[in-house]
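Printed here is start33.cif (mmCIF, C-alpha atoms):
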```
data_input
loop_
_atom_site.group_PDB
_atom_site.id
_atom_site.type_symbol
_atom_site.label_atom_id
_atom_site.label_comp_id
_atom_site.auth_asym_id
_atom_site.auth_seq_id
_atom_site.Cartn_x
_atom_site.Cartn_y
_atom_site.Cartn_z
ATOM 1 C CA MET S 125 86.653 120.431 78.616
ATOM 2 C CA PRO S 126 89.407 118.493 80.439
ATOM 3 C CA SER S 127 89.148 114.750 79.904
ATOM 4 C CA ARG S 128 90.492 111.451 81.223
ATOM 5 C CA ARG S 129 93.492 111.934 78.936
ATOM 6 C CA ASP S 130 94.135 115.348 80.504
ATOM 7 C CA PHE S 131 93.846 113.878 84.005
ATOM 8 C CA LEU S 132 96.412 111.189 83.292
ATOM 9 C CA ARG S 133 98.647 113.553 81.332
ATOM 10 C CA LEU S 134 98.712 116.015 84.208
ATOM 11 C CA ALA S 135 99.571 113.264 86.664
ATOM 12 C CA GLY S 136 102.269 111.942 84.366
ATOM 13 C CA ALA S 137 103.745 115.392 83.967
ATOM 14 C CA GLY S 138 104.414 115.586 87.683
ATOM 15 C CA GLY S 139 101.999 118.460 88.200
ATOM 16 C CA GLY S 140 102.465 118.190 91.939
ATOM 17 C CA ALA S 141 99.864 118.555 94.668
ATOM 18 C CA LEU S 142 98.324 121.665 96.144
ATOM 19 C CA GLY S 143 96.890 121.710 99.645
ATOM 20 C CA LEU S 144 93.571 123.420 100.218
ATOM 21 C CA GLY S 145 95.096 126.266 102.182
ATOM 22 C CA ALA S 146 97.024 127.473 99.132
ATOM 23 C CA LEU S 147 94.277 126.853 96.591
ATOM 24 C CA LEU S 148 92.629 130.259 96.500
ATOM 25 C CA ALA S 149 95.935 132.041 96.100
ATOM 26 C CA ALA S 150 96.782 129.885 93.079
ATOM 27 C CA CYS S 151 93.675 130.646 91.029
ATOM 28 C CA GLY S 152 91.697 133.618 89.849
ATOM 29 C CA LYS S 153 88.024 134.367 90.207
ATOM 30 C CA ASP S 154 85.503 133.436 87.523
ATOM 31 C CA ASP S 155 83.086 136.291 86.902
ATOM 32 C CA GLU S 156 80.108 135.190 84.813
ATOM 33 C CA PRO S 157 79.260 137.686 82.053
ATOM 34 C CA GLY S 158 75.804 139.126 81.573
ATOM 35 C CA GLY S 159 72.898 139.074 84.012
ATOM 36 C CA ALA S 160 72.183 136.845 86.965
ATOM 37 C CA ALA S 161 72.665 133.132 86.389
ATOM 38 C CA PRO S 162 69.553 130.912 86.757
ATOM 39 C CA ALA S 163 69.187 129.711 90.357
ATOM 40 C CA GLY S 164 70.387 126.151 90.909
ATOM 41 C CA SER S 165 72.336 126.003 87.641
ATOM 42 C CA LEU S 166 75.974 125.166 87.050
ATOM 43 C CA GLN S 167 76.390 128.739 85.836
ATOM 44 C CA ALA S 168 75.185 129.986 89.219
ATOM 45 C CA LEU S 169 77.592 127.659 91.033
ATOM 46 C CA ARG S 170 80.512 129.149 89.105
ATOM 47 C CA ALA S 171 79.573 132.779 89.667
ATOM 48 C CA ASN S 172 82.328 134.617 91.574
ATOM 49 C CA ALA S 173 84.041 131.337 92.444
ATOM 50 C CA THR S 174 87.692 130.400 92.173
ATOM 51 C CA GLN S 175 88.239 128.629 88.848
ATOM 52 C CA LEU S 176 89.548 125.055 88.851
ATOM 53 C CA SER S 177 89.766 122.370 86.173
ATOM 54 C CA LEU S 178 87.844 119.153 86.762
ATOM 55 C CA LEU S 179 89.664 116.196 85.215
ATOM 56 C CA GLY S 180 87.594 113.055 84.655
ATOM 57 C CA ALA S 181 89.421 109.721 84.930
ATOM 58 C CA GLN S 182 86.929 107.575 82.987
ATOM 59 C CA SER S 183 86.127 107.321 79.298
ATOM 60 C CA GLN S 184 82.463 106.305 79.652
ATOM 61 C CA LEU S 185 80.052 105.815 82.535
ATOM 62 C CA GLN S 186 76.973 103.631 82.810
ATOM 63 C CA VAL S 187 73.446 105.021 83.066
ATOM 64 C CA GLY S 188 72.232 104.923 86.656
ATOM 65 C CA THR S 189 74.340 105.301 89.775
ATOM 66 C CA ALA S 190 78.008 105.154 88.840
ATOM 67 C CA LEU S 191 81.321 105.869 90.511
ATOM 68 C CA TYR S 192 82.632 109.111 89.057
ATOM 69 C CA THR S 193 86.402 109.378 89.542
ATOM 70 C CA PHE S 194 88.183 112.670 89.037
ATOM 71 C CA GLY S 195 90.922 115.082 89.942
ATOM 72 C CA LEU S 196 91.001 118.840 90.406
ATOM 73 C CA SER S 197 93.771 121.129 89.215
ATOM 74 C CA THR S 198 94.604 124.809 89.456
ATOM 75 C CA ALA S 199 95.258 127.228 86.617
ATOM 76 C CA ASP S 200 98.978 126.476 86.858
ATOM 77 C CA ASN S 201 98.388 122.710 86.458
ATOM 78 C CA ARG S 202 98.822 121.664 90.066
ATOM 79 C CA LEU S 203 96.646 118.875 91.423
ATOM 80 C CA VAL S 204 94.436 119.718 94.397
ATOM 81 C CA THR S 205 94.453 117.179 97.233
ATOM 82 C CA GLY S 206 92.168 116.423 100.161
ATOM 83 C CA GLY S 207 89.011 118.157 101.242
ATOM 84 C CA ALA S 208 85.450 117.089 100.493
ATOM 85 C CA PRO S 209 84.193 118.485 97.174
ATOM 86 C CA GLN S 210 80.546 118.075 96.193
ATOM 87 C CA ILE S 211 79.486 117.006 92.696
ATOM 88 C CA TRP S 212 76.653 118.526 90.666
ATOM 89 C CA VAL S 213 75.491 117.318 87.237
ATOM 90 C CA ALA S 214 73.292 118.750 84.493
ATOM 91 C CA LYS S 215 72.643 118.354 80.769
ATOM 92 C CA ASN S 216 73.274 122.070 80.144
ATOM 93 C CA ASP S 217 74.760 125.125 81.794
ATOM 94 C CA THR S 218 71.550 126.935 82.708
ATOM 95 C CA GLY S 219 69.148 124.167 83.767
ATOM 96 C CA ARG S 220 68.764 123.081 87.378
ATOM 97 C CA ALA S 221 71.645 120.823 88.388
ATOM 98 C CA ALA S 222 71.189 117.571 90.321
ATOM 99 C CA GLY S 223 73.197 117.177 93.504
ATOM 100 C CA PRO S 224 75.059 117.563 95.659
ATOM 101 C CA PHE S 225 76.728 114.159 95.566
ATOM 102 C CA PRO S 226 79.376 113.780 98.300
ATOM 103 C CA THR S 227 82.921 112.697 97.454
ATOM 104 C CA ARG S 228 85.756 110.820 99.129
ATOM 105 C CA TRP S 229 89.491 111.297 98.785
ATOM 106 C CA PHE S 230 91.283 108.003 98.007
ATOM 107 C CA GLU S 231 95.006 107.312 98.458
ATOM 108 C CA LEU S 232 96.929 104.770 96.386
ATOM 109 C CA GLU S 233 99.183 103.261 99.062
ATOM 110 C CA ALA S 234 99.847 99.674 97.987
ATOM 111 C CA TYR S 235 102.863 100.536 95.840
ATOM 112 C CA GLU S 236 104.681 101.507 99.027
ATOM 113 C CA GLN S 237 103.953 98.076 100.526
ATOM 114 C CA THR S 238 105.115 95.921 97.617
ATOM 115 C CA LYS S 239 108.417 95.389 95.841
ATOM 116 C CA ASP S 240 107.102 96.659 92.521
ATOM 117 C CA SER S 241 109.653 98.367 90.291
ATOM 118 C CA SER S 242 107.425 98.841 87.220
ATOM 119 C CA PRO S 243 106.506 102.412 86.173
ATOM 120 C CA ARG S 244 104.306 104.334 88.582
ATOM 121 C CA SER S 245 102.187 107.419 87.999
ATOM 122 C CA PRO S 246 102.997 110.432 90.190
ATOM 123 C CA LEU S 247 99.250 110.535 90.877
ATOM 124 C CA THR S 248 98.858 109.037 94.348
ATOM 125 C CA GLY S 249 95.337 110.186 95.203
ATOM 126 C CA PHE S 250 91.990 110.971 93.579
ATOM 127 C CA TYR S 251 88.375 111.849 94.327
ATOM 128 C CA GLY S 252 85.397 109.558 93.851
ATOM 129 C CA ALA S 253 81.636 110.085 94.102
ATOM 130 C CA GLN S 254 78.602 107.883 93.566
ATOM 131 C CA VAL S 255 76.658 109.973 91.066
ATOM 132 C CA GLU S 256 73.218 109.400 89.552
ATOM 133 C CA PHE S 257 73.096 109.793 85.759
ATOM 134 C CA PRO S 258 69.448 109.081 84.809
ATOM 135 C CA GLU S 259 69.942 109.034 81.041
ATOM 136 C CA ALA S 260 72.589 108.574 78.367
ATOM 137 C CA GLY S 261 74.356 111.497 76.765
ATOM 138 C CA ASP S 262 77.027 114.069 77.401
ATOM 139 C CA TRP S 263 76.686 115.463 80.917
ATOM 140 C CA MET S 264 78.197 118.572 82.436
ATOM 141 C CA VAL S 265 79.777 118.008 85.850
ATOM 142 C CA ALA S 266 80.861 120.553 88.458
ATOM 143 C CA ALA S 267 82.788 120.024 91.685
ATOM 144 C CA THR S 268 82.389 122.665 94.376
ATOM 145 C CA LEU S 269 84.860 123.057 97.202
ATOM 146 C CA ASP S 270 84.745 125.413 100.178
ATOM 147 C CA VAL S 271 88.168 126.856 100.991
ATOM 148 C CA ASP S 272 89.007 129.493 103.623
ATOM 149 C CA GLY S 273 85.511 130.946 103.550
ATOM 150 C CA GLY S 274 85.409 131.074 99.748
ATOM 151 C CA ARG S 275 84.211 128.714 97.039
ATOM 152 C CA ALA S 276 86.173 127.006 94.281
ATOM 153 C CA VAL S 277 84.518 125.276 91.325
ATOM 154 C CA GLY S 278 85.840 122.966 88.656
ATOM 155 C CA GLN S 279 83.726 121.995 85.663
ATOM 156 C CA GLY S 280 84.177 119.085 83.279
ATOM 157 C CA ALA S 281 82.194 116.594 81.252
ATOM 158 C CA ALA S 282 81.133 112.954 81.478
ATOM 159 C CA SER S 283 80.062 110.623 78.686
ATOM 160 C CA VAL S 284 77.220 108.353 79.821
ATOM 161 C CA ALA S 285 75.828 105.414 77.837
ATOM 162 C CA ALA S 286 73.137 102.769 78.295
ATOM 163 C CA LYS S 287 75.498 100.093 76.958
ATOM 164 C CA VAL S 288 79.093 100.023 78.186
ATOM 165 C CA PRO S 289 81.794 97.332 78.322
ATOM 166 C CA ALA S 290 81.517 95.097 81.394
ATOM 167 C CA ALA S 291 78.388 96.824 82.663
ATOM 168 C CA VAL S 292 77.429 96.383 86.300
ATOM 169 C CA GLY S 293 74.655 93.783 86.375
ATOM 170 C CA SER S 294 75.852 91.963 83.266
ATOM 171 C CA LYS S 295 77.488 88.544 83.161
ATOM 172 C CA ALA S 296 81.269 88.449 83.118
ATOM 173 C CA LYS S 297 82.599 86.736 80.003
ATOM 174 C CA ARG S 298 84.017 83.275 80.711
ATOM 175 C CA LEU S 299 87.225 83.535 78.712
ATOM 176 C CA ALA S 300 90.457 81.615 79.115
ATOM 177 C CA THR S 301 93.483 83.567 80.355
ATOM 178 C CA PRO S 302 97.143 82.454 80.691
ATOM 179 C CA VAL S 303 98.047 80.532 83.838
ATOM 180 C CA ALA S 304 101.447 80.341 85.530
ATOM 181 C CA THR S 305 102.419 79.185 89.005
ATOM 182 C CA SER S 306 106.207 79.547 88.915
ATOM 183 C CA ALA S 307 108.262 82.740 88.897
ATOM 184 C CA ALA S 308 109.680 81.878 85.483
ATOM 185 C CA GLY S 309 106.230 81.153 84.065
ATOM 186 C CA ARG S 310 104.703 84.334 85.467
ATOM 187 C CA LYS S 311 107.481 86.424 83.940
ATOM 188 C CA LYS S 312 106.400 85.236 80.496
ATOM 189 C CA ILE S 313 102.821 86.457 80.882
ATOM 190 C CA CYS S 314 103.117 89.463 83.232
ATOM 191 C CA THR S 315 104.976 92.724 82.606
ATOM 192 C CA ARG S 316 105.085 93.742 86.261
ATOM 193 C CA GLU S 317 108.593 93.816 87.784
ATOM 194 C CA PRO S 318 108.680 91.404 89.486
ATOM 195 C CA ALA S 319 105.790 89.472 87.944
ATOM 196 C CA CYS S 320 102.727 89.428 90.192
ATOM 197 C CA PRO S 321 101.316 86.194 91.671
ATOM 198 C CA LEU S 322 97.771 86.739 90.356
ATOM 199 C CA HIS S 323 97.987 84.230 87.490
ATOM 200 C CA ALA S 324 97.269 80.945 89.277
ATOM 201 C CA ILE S 325 93.861 80.324 87.701
ATOM 202 C CA SER S 326 92.264 81.056 84.330
ATOM 203 C CA LEU S 327 89.399 83.540 84.331
ATOM 204 C CA ASP S 328 86.934 81.048 82.866
ATOM 205 C CA ASP S 329 87.789 78.456 85.505
ATOM 206 C CA ALA S 330 87.487 81.010 88.300
ATOM 207 C CA LEU S 331 84.036 82.078 87.144
ATOM 208 C CA ALA S 332 82.916 78.469 86.693
ATOM 209 C CA ALA S 333 84.024 77.605 90.236
ATOM 210 C CA GLY S 334 81.275 79.751 91.755
ATOM 211 C CA ARG S 335 83.621 81.913 93.848
ATOM 212 C CA PRO S 336 83.646 85.703 93.837
ATOM 213 C CA THR S 337 86.344 86.944 91.462
ATOM 214 C CA VAL S 338 88.388 90.134 91.208
ATOM 215 C CA VAL S 339 90.036 90.596 87.811
ATOM 216 C CA THR S 340 92.228 93.391 86.503
ATOM 217 C CA PHE S 341 93.104 94.139 82.909
ATOM 218 C CA ALA S 342 96.390 95.998 83.203
ATOM 219 C CA THR S 343 99.905 96.262 81.809
ATOM 220 C CA PRO S 344 102.300 97.526 84.490
ATOM 221 C CA LEU S 345 105.265 97.980 82.130
ATOM 222 C CA LEU S 346 103.531 99.487 79.099
ATOM 223 C CA CYS S 347 100.641 101.405 80.675
ATOM 224 C CA SER S 348 100.135 104.789 79.004
ATOM 225 C CA SER S 349 98.903 106.297 82.285
ATOM 226 C CA GLN S 350 101.455 104.476 84.477
ATOM 227 C CA MET S 351 98.453 103.627 86.657
ATOM 228 C CA CYS S 352 98.413 99.878 85.923
ATOM 229 C CA GLY S 353 101.249 98.962 88.272
ATOM 230 C CA PRO S 354 99.727 100.748 91.267
ATOM 231 C CA VAL S 355 96.277 99.257 90.566
ATOM 232 C CA VAL S 356 97.652 95.702 90.332
ATOM 233 C CA ASP S 357 99.464 96.361 93.616
ATOM 234 C CA GLU S 358 96.216 97.519 95.230
ATOM 235 C CA GLN S 359 94.641 94.270 94.012
ATOM 236 C CA MET S 360 97.543 92.301 95.508
ATOM 237 C CA VAL S 361 97.013 93.947 98.905
ATOM 238 C CA ALA S 362 93.307 93.062 98.783
ATOM 239 C CA ALA S 363 94.220 89.499 97.756
ATOM 240 C CA ASP S 364 96.526 89.152 100.771
ATOM 241 C CA LYS S 365 93.525 89.852 103.019
ATOM 242 C CA LEU S 366 90.730 88.019 101.185
ATOM 243 C CA GLY S 367 92.421 85.673 98.721
ATOM 244 C CA ALA S 368 91.316 82.563 100.608
ATOM 245 C CA LYS S 369 87.684 83.475 99.954
ATOM 246 C CA ALA S 370 87.822 84.744 96.367
ATOM 247 C CA SER S 371 89.806 84.430 93.150
ATOM 248 C CA PHE S 372 92.156 87.263 92.200
ATOM 249 C CA ILE S 373 93.365 87.421 88.603
ATOM 250 C CA HIS S 374 95.552 89.818 86.639
ATOM 251 C CA VAL S 375 95.080 89.703 82.882
ATOM 252 C CA GLU S 376 98.159 91.189 81.221
ATOM 253 C CA ILE S 377 97.101 93.384 78.310
ATOM 254 C CA TYR S 378 100.367 92.940 76.380
ATOM 255 C CA PRO S 379 101.780 89.508 77.297
ATOM 256 C CA GLY S 380 104.098 89.642 74.280
ATOM 257 C CA ARG S 381 105.327 93.099 75.368
ATOM 258 C CA SER S 382 104.115 94.683 72.143
ATOM 259 C CA THR S 383 101.434 97.380 72.239
ATOM 260 C CA ALA S 384 100.451 96.300 68.722
ATOM 261 C CA LYS S 385 99.247 92.945 70.070
ATOM 262 C CA PRO S 386 96.823 93.318 72.973
ATOM 263 C CA ALA S 387 95.547 90.174 74.666
ATOM 264 C CA ARG S 388 92.511 88.645 72.992
ATOM 265 C CA THR S 389 90.591 88.646 76.287
ATOM 266 C CA PHE S 390 91.105 92.399 76.652
ATOM 267 C CA LEU S 391 89.654 92.972 73.183
ATOM 268 C CA GLN S 392 86.765 90.561 73.723
ATOM 269 C CA TYR S 393 85.719 92.509 76.805
ATOM 270 C CA GLY S 394 85.540 95.616 74.622
ATOM 271 C CA PHE S 395 88.095 97.663 76.522
ATOM 272 C CA THR S 396 90.098 100.400 74.818
ATOM 273 C CA THR S 397 91.667 102.073 77.874
ATOM 274 C CA GLU S 398 93.620 100.839 80.875
ATOM 275 C CA PRO S 399 93.582 99.744 83.610
ATOM 276 C CA TRP S 400 90.256 98.081 84.441
ATOM 277 C CA LEU S 401 89.210 96.162 87.566
ATOM 278 C CA LEU S 402 86.000 94.120 87.877
ATOM 279 C CA VAL S 403 84.432 92.548 90.973
ATOM 280 C CA VAL S 404 82.249 89.551 90.071
ATOM 281 C CA ASP S 405 79.880 87.603 92.356
ATOM 282 C CA ARG S 406 79.415 83.824 92.728
ATOM 283 C CA ASP S 407 76.897 83.778 89.869
ATOM 284 C CA GLY S 408 79.289 85.477 87.474
ATOM 285 C CA VAL S 409 77.492 88.838 87.608
ATOM 286 C CA ILE S 410 79.634 91.979 87.598
ATOM 287 C CA GLN S 411 78.899 93.917 90.776
ATOM 288 C CA ALA S 412 81.526 96.671 90.479
ATOM 289 C CA ARG S 413 83.637 98.104 87.655
ATOM 290 C CA TYR S 414 86.523 100.527 87.956
ATOM 291 C CA GLU S 415 88.316 102.255 85.109
ATOM 292 C CA GLY S 416 91.579 103.946 86.047
ATOM 293 C CA PRO S 417 92.659 104.325 89.681
ATOM 294 C CA VAL S 418 91.170 102.113 92.396
ATOM 295 C CA THR S 419 92.362 101.322 95.910
ATOM 296 C CA ALA S 420 92.528 98.102 97.924
ATOM 297 C CA ASP S 421 89.907 99.500 100.311
ATOM 298 C CA GLN S 422 87.503 100.056 97.419
ATOM 299 C CA VAL S 423 88.064 96.497 96.203
ATOM 300 C CA GLU S 424 87.468 95.110 99.689
ATOM 301 C CA ASP S 425 84.319 97.194 100.189
ATOM 302 C CA ALA S 426 82.885 95.836 96.911
ATOM 303 C CA LEU S 427 83.974 92.254 97.591
ATOM 304 C CA ARG S 428 83.063 91.661 101.233
ATOM 305 C CA PRO S 429 79.253 91.616 100.716
ATOM 306 C CA LEU S 430 79.758 88.854 98.136
ATOM 307 C CA LEU S 431 81.612 86.561 100.554
ATOM 308 C CA ALA S 432 78.709 85.807 102.895
#
```

Exercise: express the given structure as structure tokens:
Amino acid sequence: MPSRRDFLRLAGAGGGALGLGALLAACGKDDEPGGAAPAGSLQALRANATQLSLLGAQSQLQVGTALYTFGLSTADNRLVTGGAPQIWVAKNDTGRAAGPFPTRWFELEAYEQTKDSSPRSPLTGFYGAQVEFPEAGDWMVAATLDVDGGRAVGQGAASVAAKVPAAVGSKAKRLATPVATSAAGRKKICTREPACPLHAISLDDALAAGRPTVVTFATPLLCSSQMCGPVVDEQMVAADKLGAKASFIHVEIYPGRSTAKPARTFLQYGFTTEPWLLVVDRDGVIQARYEGPVTADQVEDALRPLLA
């Protein structure tokens, strides 16, 4: 099934965007073989529906309620935009699926507001849903979308684990990160062009200070998905609004500009993909974790309850 790698590859390939009005014309119908599909199953959802691909943006989700981020594409590899898909999940194709879980369409807009010249993914929007995964394992996921009186369905997979890096509810690791306050100093530890200002305090000092903290692990220049630059920019926009009340830190994954030498902090957090953004409360507890795309509005929504 399509994976996070497929999602980012499709975006990087410039697959384009397809409005909902043209969706049904771009795809064929999926006719389920055999007899009637069990009621309430993913198989039943797909019956006689327009076939889409569901492209997950995350490598592993946490057991419980988690933000599931994804894209939808047509048979000719064009990304679908807008609308309000619903998410359904199940452990197999014929059992009763849980759902529906409503989704939102998110736009990555910060890059247009900054003077960033580092690589940028053509992907400028994505879907997100708060989905309940009650147990670990490999889950089947379907997104249903009503279009022009018909139904379109994309099906994918999600890996869910009880133990994940930087789990929500766990303590953020108090690790030292490079600090720079001048333009010349920031350029040495940040691959963004120009270097971002989010290097004024070390992560361990920020967590020890008892202020809410927003930290990204990203490499704008060397990001395989080209999503790091836009995510750091979204963080910068959030910092412009709330930076007086919280600490905002960018941890550069490859400060030496060599993909063979990732930052020690990145490895100690257990990350193997990029980018990541964490929102941490005054007690150092991780309250939100985002792998892949995330917007300034999402960061602000997670952070504001921690500022009271």

For this session: For segment 359-367 of chain S, please output as JSON, numbers by chain all residues within 9 Å (counting only C-alpha atoms; exclusion window: fewer than 4 positions along the same chain).
Result: {"S": [234, 237, 238, 320, 321, 322, 338, 339, 340, 354, 355, 371, 372, 373, 374, 401, 418, 419, 420, 421, 423, 424, 427, 428]}

For this session: List the neighbours of segment 186-188 of chain S out to 9 Å using only C-alpha atoms; skip same-chain residues closer than 6 positions along the sequence, and give me the result as a list of chain:residue names.
Result: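 Answer for this query is S:Val255, S:Glu256, S:Phe257, S:Pro258, S:Glu259, S:Ala260, S:Ser283, S:Val284, S:Ala285, S:Ala286, S:Lys287, S:Val288, S:Ala291, S:Val292.
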
Problem set entry | Expected selection from the PyMOL selection byres ((chain S and resi 300-313) around 6), given as a ChimeraX atom specification | /S:299,314,319,323-328,379

For this session: Apply the PyMOL selection byres ((chain S and resi 431) around 8) to the structure shown and report the selected residues as an NGL selection string.
Result: :S and (336 or 369-370 or 427-430 or 432)

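For the atom pair formed by atom CA of Thr174 of chain S and atom CA of Lys215 of chain S, the distance is 22.4 Å, given to one decimal.
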
With 3 Å added on each side, what axis-aligned box encloses every listed atom of segment 207-216 of chain S? Give the centre and edge lengths in Å to one decimal, as lines of an AutoDock Vina configuration file.
```
center_x = 80.8
center_y = 119.5
center_z = 90.7
size_x = 22.4
size_y = 11.1
size_z = 27.1
```

For segment 395-414 of chain S, where the input has fewer atoms than it should, I would like N, CA, C and O atoms rebuilt and written as a PDB file, in the frame of the given file.
```pdb
ATOM      1  N   PHE S 395      87.363  96.565  75.910  1.00  0.00           N
ATOM      2  CA  PHE S 395      88.095  97.663  76.522  1.00  0.00           C
ATOM      3  C   PHE S 395      89.023  98.337  75.512  1.00  0.00           C
ATOM      4  O   PHE S 395      89.613  97.679  74.653  1.00  0.00           O
ATOM      5  N   THR S 396      89.164  99.643  75.659  1.00  0.00           N
ATOM      6  CA  THR S 396      90.098 100.400  74.818  1.00  0.00           C
ATOM      7  C   THR S 396      91.019 101.285  75.649  1.00  0.00           C
ATOM      8  O   THR S 396      91.886 101.962  75.109  1.00  0.00           O
ATOM      9  N   THR S 397      90.819 101.310  76.962  1.00  0.00           N
ATOM     10  CA  THR S 397      91.667 102.073  77.874  1.00  0.00           C
ATOM     11  C   THR S 397      92.203 101.135  78.935  1.00  0.00           C
ATOM     12  O   THR S 397      91.827  99.958  79.005  1.00  0.00           O
ATOM     13  N   GLU S 398      93.078 101.654  79.800  1.00  0.00           N
ATOM     14  CA  GLU S 398      93.620 100.839  80.875  1.00  0.00           C
ATOM     15  C   GLU S 398      93.995 101.737  82.065  1.00  0.00           C
ATOM     16  O   GLU S 398      94.195 102.929  81.887  1.00  0.00           O
ATOM     17  N   PRO S 399      93.976 101.106  83.260  1.00  0.00           N
ATOM     18  CA  PRO S 399      93.582  99.744  83.610  1.00  0.00           C
ATOM     19  C   PRO S 399      92.090  99.644  83.926  1.00  0.00           C
ATOM     20  O   PRO S 399      91.413 100.650  84.101  1.00  0.00           O
ATOM     21  N   TRP S 400      91.615  98.390  84.021  1.00  0.00           N
ATOM     22  CA  TRP S 400      90.256  98.081  84.441  1.00  0.00           C
ATOM     23  C   TRP S 400      90.301  97.060  85.566  1.00  0.00           C
ATOM     24  O   TRP S 400      91.151  96.157  85.557  1.00  0.00           O
ATOM     25  N   LEU S 401      89.365  97.170  86.514  1.00  0.00           N
ATOM     26  CA  LEU S 401      89.210  96.162  87.566  1.00  0.00           C
ATOM     27  C   LEU S 401      87.727  95.862  87.728  1.00  0.00           C
ATOM     28  O   LEU S 401      86.913  96.781  87.845  1.00  0.00           O
ATOM     29  N   LEU S 402      87.383  94.568  87.726  1.00  0.00           N
ATOM     30  CA  LEU S 402      86.000  94.120  87.877  1.00  0.00           C
ATOM     31  C   LEU S 402      85.871  93.249  89.120  1.00  0.00           C
ATOM     32  O   LEU S 402      86.759  92.432  89.407  1.00  0.00           O
ATOM     33  N   VAL S 403      84.771  93.412  89.845  1.00  0.00           N
ATOM     34  CA  VAL S 403      84.432  92.548  90.973  1.00  0.00           C
ATOM     35  C   VAL S 403      83.185  91.773  90.586  1.00  0.00           C
ATOM     36  O   VAL S 403      82.141  92.369  90.274  1.00  0.00           O
ATOM     37  N   VAL S 404      83.297  90.435  90.588  1.00  0.00           N
ATOM     38  CA  VAL S 404      82.249  89.551  90.071  1.00  0.00           C
ATOM     39  C   VAL S 404      81.745  88.645  91.192  1.00  0.00           C
ATOM     40  O   VAL S 404      82.549  88.115  91.979  1.00  0.00           O
ATOM     41  N   ASP S 405      80.437  88.432  91.277  1.00  0.00           N
ATOM     42  CA  ASP S 405      79.880  87.603  92.356  1.00  0.00           C
ATOM     43  C   ASP S 405      79.903  86.117  91.999  1.00  0.00           C
ATOM     44  O   ASP S 405      80.394  85.719  90.932  1.00  0.00           O
ATOM     45  N   ARG S 406      79.368  85.280  92.894  1.00  0.00           N
ATOM     46  CA  ARG S 406      79.415  83.824  92.728  1.00  0.00           C
ATOM     47  C   ARG S 406      78.657  83.353  91.486  1.00  0.00           C
ATOM     48  O   ARG S 406      78.953  82.285  90.942  1.00  0.00           O
ATOM     49  N   ASP S 407      77.690  84.140  91.044  1.00  0.00           N
ATOM     50  CA  ASP S 407      76.897  83.778  89.869  1.00  0.00           C
ATOM     51  C   ASP S 407      77.484  84.328  88.572  1.00  0.00           C
ATOM     52  O   ASP S 407      76.854  84.211  87.516  1.00  0.00           O
ATOM     53  N   GLY S 408      78.648  84.939  88.665  1.00  0.00           N
ATOM     54  CA  GLY S 408      79.289  85.477  87.474  1.00  0.00           C
ATOM     55  C   GLY S 408      78.769  86.830  87.042  1.00  0.00           C
ATOM     56  O   GLY S 408      79.040  87.265  85.921  1.00  0.00           O
ATOM     57  N   VAL S 409      78.043  87.516  87.928  1.00  0.00           N
ATOM     58  CA  VAL S 409      77.492  88.838  87.608  1.00  0.00           C
ATOM     59  C   VAL S 409      78.450  89.924  88.094  1.00  0.00           C
ATOM     60  O   VAL S 409      78.906  89.892  89.241  1.00  0.00           O
ATOM     61  N   ILE S 410      78.740  90.876  87.237  1.00  0.00           N
ATOM     62  CA  ILE S 410      79.634  91.979  87.598  1.00  0.00           C
ATOM     63  C   ILE S 410      78.916  92.915  88.571  1.00  0.00           C
ATOM     64  O   ILE S 410      77.851  93.446  88.269  1.00  0.00           O
ATOM     65  N   GLN S 411      79.508  93.074  89.746  1.00  0.00           N
ATOM     66  CA  GLN S 411      78.899  93.917  90.776  1.00  0.00           C
ATOM     67  C   GLN S 411      79.594  95.267  90.925  1.00  0.00           C
ATOM     68  O   GLN S 411      79.024  96.194  91.512  1.00  0.00           O
ATOM     69  N   ALA S 412      80.805  95.395  90.424  1.00  0.00           N
ATOM     70  CA  ALA S 412      81.526  96.671  90.479  1.00  0.00           C
ATOM     71  C   ALA S 412      82.516  96.717  89.327  1.00  0.00           C
ATOM     72  O   ALA S 412      83.109  95.694  88.962  1.00  0.00           O
ATOM     73  N   ARG S 413      82.680  97.906  88.745  1.00  0.00           N
ATOM     74  CA  ARG S 413      83.637  98.104  87.655  1.00  0.00           C
ATOM     75  C   ARG S 413      84.387  99.410  87.902  1.00  0.00           C
ATOM     76  O   ARG S 413      83.803 100.419  88.273  1.00  0.00           O
ATOM     77  N   TYR S 414      85.684  99.358  87.726  1.00  0.00           N
ATOM     78  CA  TYR S 414      86.523 100.527  87.956  1.00  0.00           C
ATOM     79  C   TYR S 414      87.436 100.714  86.754  1.00  0.00           C
ATOM     80  O   TYR S 414      88.160  99.806  86.365  1.00  0.00           O
TER      81      TYR S 414
END
```
